[in-house]
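This report concerns only the one structure given below.
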Amino acid sequence: MALAPTSRLIIDRGRDLRELPLTPQEFFLFSRVEALGGAESPTVGEVIGASGQAPDQAERALQRLIELGVLRLRAGQDGDAGQDPRRSGRVDAETDELRDRARSRRRSLLEAQMRALRQTGVTETNGTGTRRSAAAA
């Protein structure tokens, strides 16, 4: 059975990996699922892409992890039919806008700090918090 690239992978935290006969490749793929997991579980396609392994080998290893009960597929996540409404395009656009605003705000604050330092004559710090001015150098 081929795994759908849009299927989401869920980690079963009740399984102890030390008790299972995992190959290094299977354990590595499990670590990719953990690393990519955030607010939303990673898709099969994301894990295979992040693994750097041949897609057919990575898919076989994911199948084995599912068979061992370490991972399971979230039902109803094939395609857009079962898509989480919080991850709609509208929400993604709002998130991108918030990130852009935060980035712009951080940049403005850093530029203001640099202007203030230049006006006071401070040109650098020595790593201990002590500032050296251009006149002292």
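Letters for chains follow the order of the structure tokens (A, B, ...), residue numbers begin at 1 for each chain, and ligand numbers begin at 1 in the order shown.
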I'd like the neighbourhood of Ser31 (chain A) as a compact mmCIF listing (two decimals) with N, CA and C atoms, in the first residue's frame, where a residue qualifies if any of its atoms comes within 12 Å (using only C-alpha atoms), though same-chain residues fewer than 2 positions away should be ignored.
```
# COMPACT_ATOMS: atom_id res chain seq x y z
N ILE A 11 2.78 10.49 16.03
CA ILE A 11 3.66 9.66 16.85
C ILE A 11 2.86 9.06 18.00
N LEU A 17 10.66 3.04 22.00
CA LEU A 17 11.49 2.72 20.84
C LEU A 17 12.62 1.75 21.17
N PRO A 24 18.74 1.71 11.74
CA PRO A 24 19.15 3.12 11.82
C PRO A 24 18.32 4.02 10.90
N GLN A 25 17.98 3.53 9.72
CA GLN A 25 17.18 4.33 8.78
C GLN A 25 15.79 4.59 9.35
N GLU A 26 15.17 3.59 9.96
CA GLU A 26 13.84 3.76 10.55
C GLU A 26 13.89 4.74 11.72
N PHE A 27 14.92 4.61 12.55
CA PHE A 27 15.04 5.53 13.68
C PHE A 27 15.27 6.96 13.17
N PHE A 28 16.08 7.11 12.13
CA PHE A 28 16.32 8.44 11.57
C PHE A 28 15.02 9.05 11.05
N LEU A 29 14.22 8.26 10.34
CA LEU A 29 12.94 8.79 9.84
C LEU A 29 12.02 9.16 10.99
N VAL A 33 10.21 12.84 11.81
CA VAL A 33 8.81 13.09 12.16
C VAL A 33 8.74 13.94 13.43
N GLU A 34 9.59 13.60 14.42
CA GLU A 34 9.63 14.39 15.65
C GLU A 34 10.08 15.82 15.38
N ALA A 35 11.12 15.97 14.57
CA ALA A 35 11.68 17.30 14.31
C ALA A 35 10.71 18.18 13.54
N LEU A 36 9.97 17.61 12.62
CA LEU A 36 9.04 18.39 11.81
C LEU A 36 7.71 18.62 12.50
N GLY A 37 7.45 17.87 13.56
CA GLY A 37 6.18 18.03 14.27
C GLY A 37 6.17 19.34 15.03
N PRO A 42 3.56 16.44 10.71
CA PRO A 42 4.09 16.52 9.34
C PRO A 42 3.40 15.52 8.41
N VAL A 47 8.14 14.50 5.42
CA VAL A 47 9.14 13.65 6.08
C VAL A 47 10.06 13.02 5.05
N ILE A 48 9.49 12.52 3.97
CA ILE A 48 10.32 11.91 2.92
C ILE A 48 11.25 12.95 2.32
N ALA A 50 12.41 15.67 3.79
CA ALA A 50 13.41 16.09 4.77
C ALA A 50 14.42 14.99 5.08
N SER A 51 14.11 13.75 4.69
CA SER A 51 15.00 12.64 5.04
C SER A 51 16.27 12.61 4.20
N LEU A 62 8.86 4.20 6.60
CA LEU A 62 7.68 4.76 7.26
C LEU A 62 6.59 3.70 7.42
N LEU A 65 7.46 1.60 10.36
CA LEU A 65 7.17 2.31 11.61
C LEU A 65 5.68 2.28 11.93
N VAL A 70 4.63 2.59 15.98
CA VAL A 70 5.32 3.80 16.43
C VAL A 70 4.65 5.04 15.85
N LEU A 71 4.21 4.92 14.60
CA LEU A 71 3.52 6.01 13.92
C LEU A 71 2.15 5.52 13.49
```
Considering only C-alpha atoms, return as a PyMOL selection string whatever protein or nucleic-acid residues lie within 10 Å of Glu46 (chain A), sequence-local ones (same chain, fewer than 6 positions apart) excluded. chain A and resi 5-9+32-33+36
Requested write-out: C-alpha atoms of the selected residues, as a PDB file, in the first residue's frame:
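The resulting out.pdb:
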```pdb
ATOM      1  CA  PRO A   5       2.003  12.234   0.430  1.00  0.00           C
ATOM      2  CA  THR A   6      -0.617  14.432   2.126  1.00  0.00           C
ATOM      3  CA  SER A   7      -1.362  11.957   4.942  1.00  0.00           C
ATOM      4  CA  ARG A   8      -0.326  13.250   8.351  1.00  0.00           C
ATOM      5  CA  LEU A   9       1.929  11.162  10.605  1.00  0.00           C
ATOM      6  CA  ARG A  32      12.472  13.524  11.205  1.00  0.00           C
ATOM      7  CA  VAL A  33       8.805  13.089  12.163  1.00  0.00           C
ATOM      8  CA  LEU A  36       9.044  18.389  11.810  1.00  0.00           C
TER       9      LEU A  36
END
```
Let me make sure I understand: among A:Arg105, A:Arg13, A:Arg72, A:Arg118, which one has the smallest atom-to-atom distance to Thr43 (chain A) if we use only C-alpha atoms?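 Of the candidates, the smallest distance to Thr43 (chain A) is held by A:Arg72.
Considering only C-alpha atoms, the residue among A:Arg15, A:Gln63, A:Gln57, A:Met114 positioned nearest to Ala2 (chain A) is A:Gln63.
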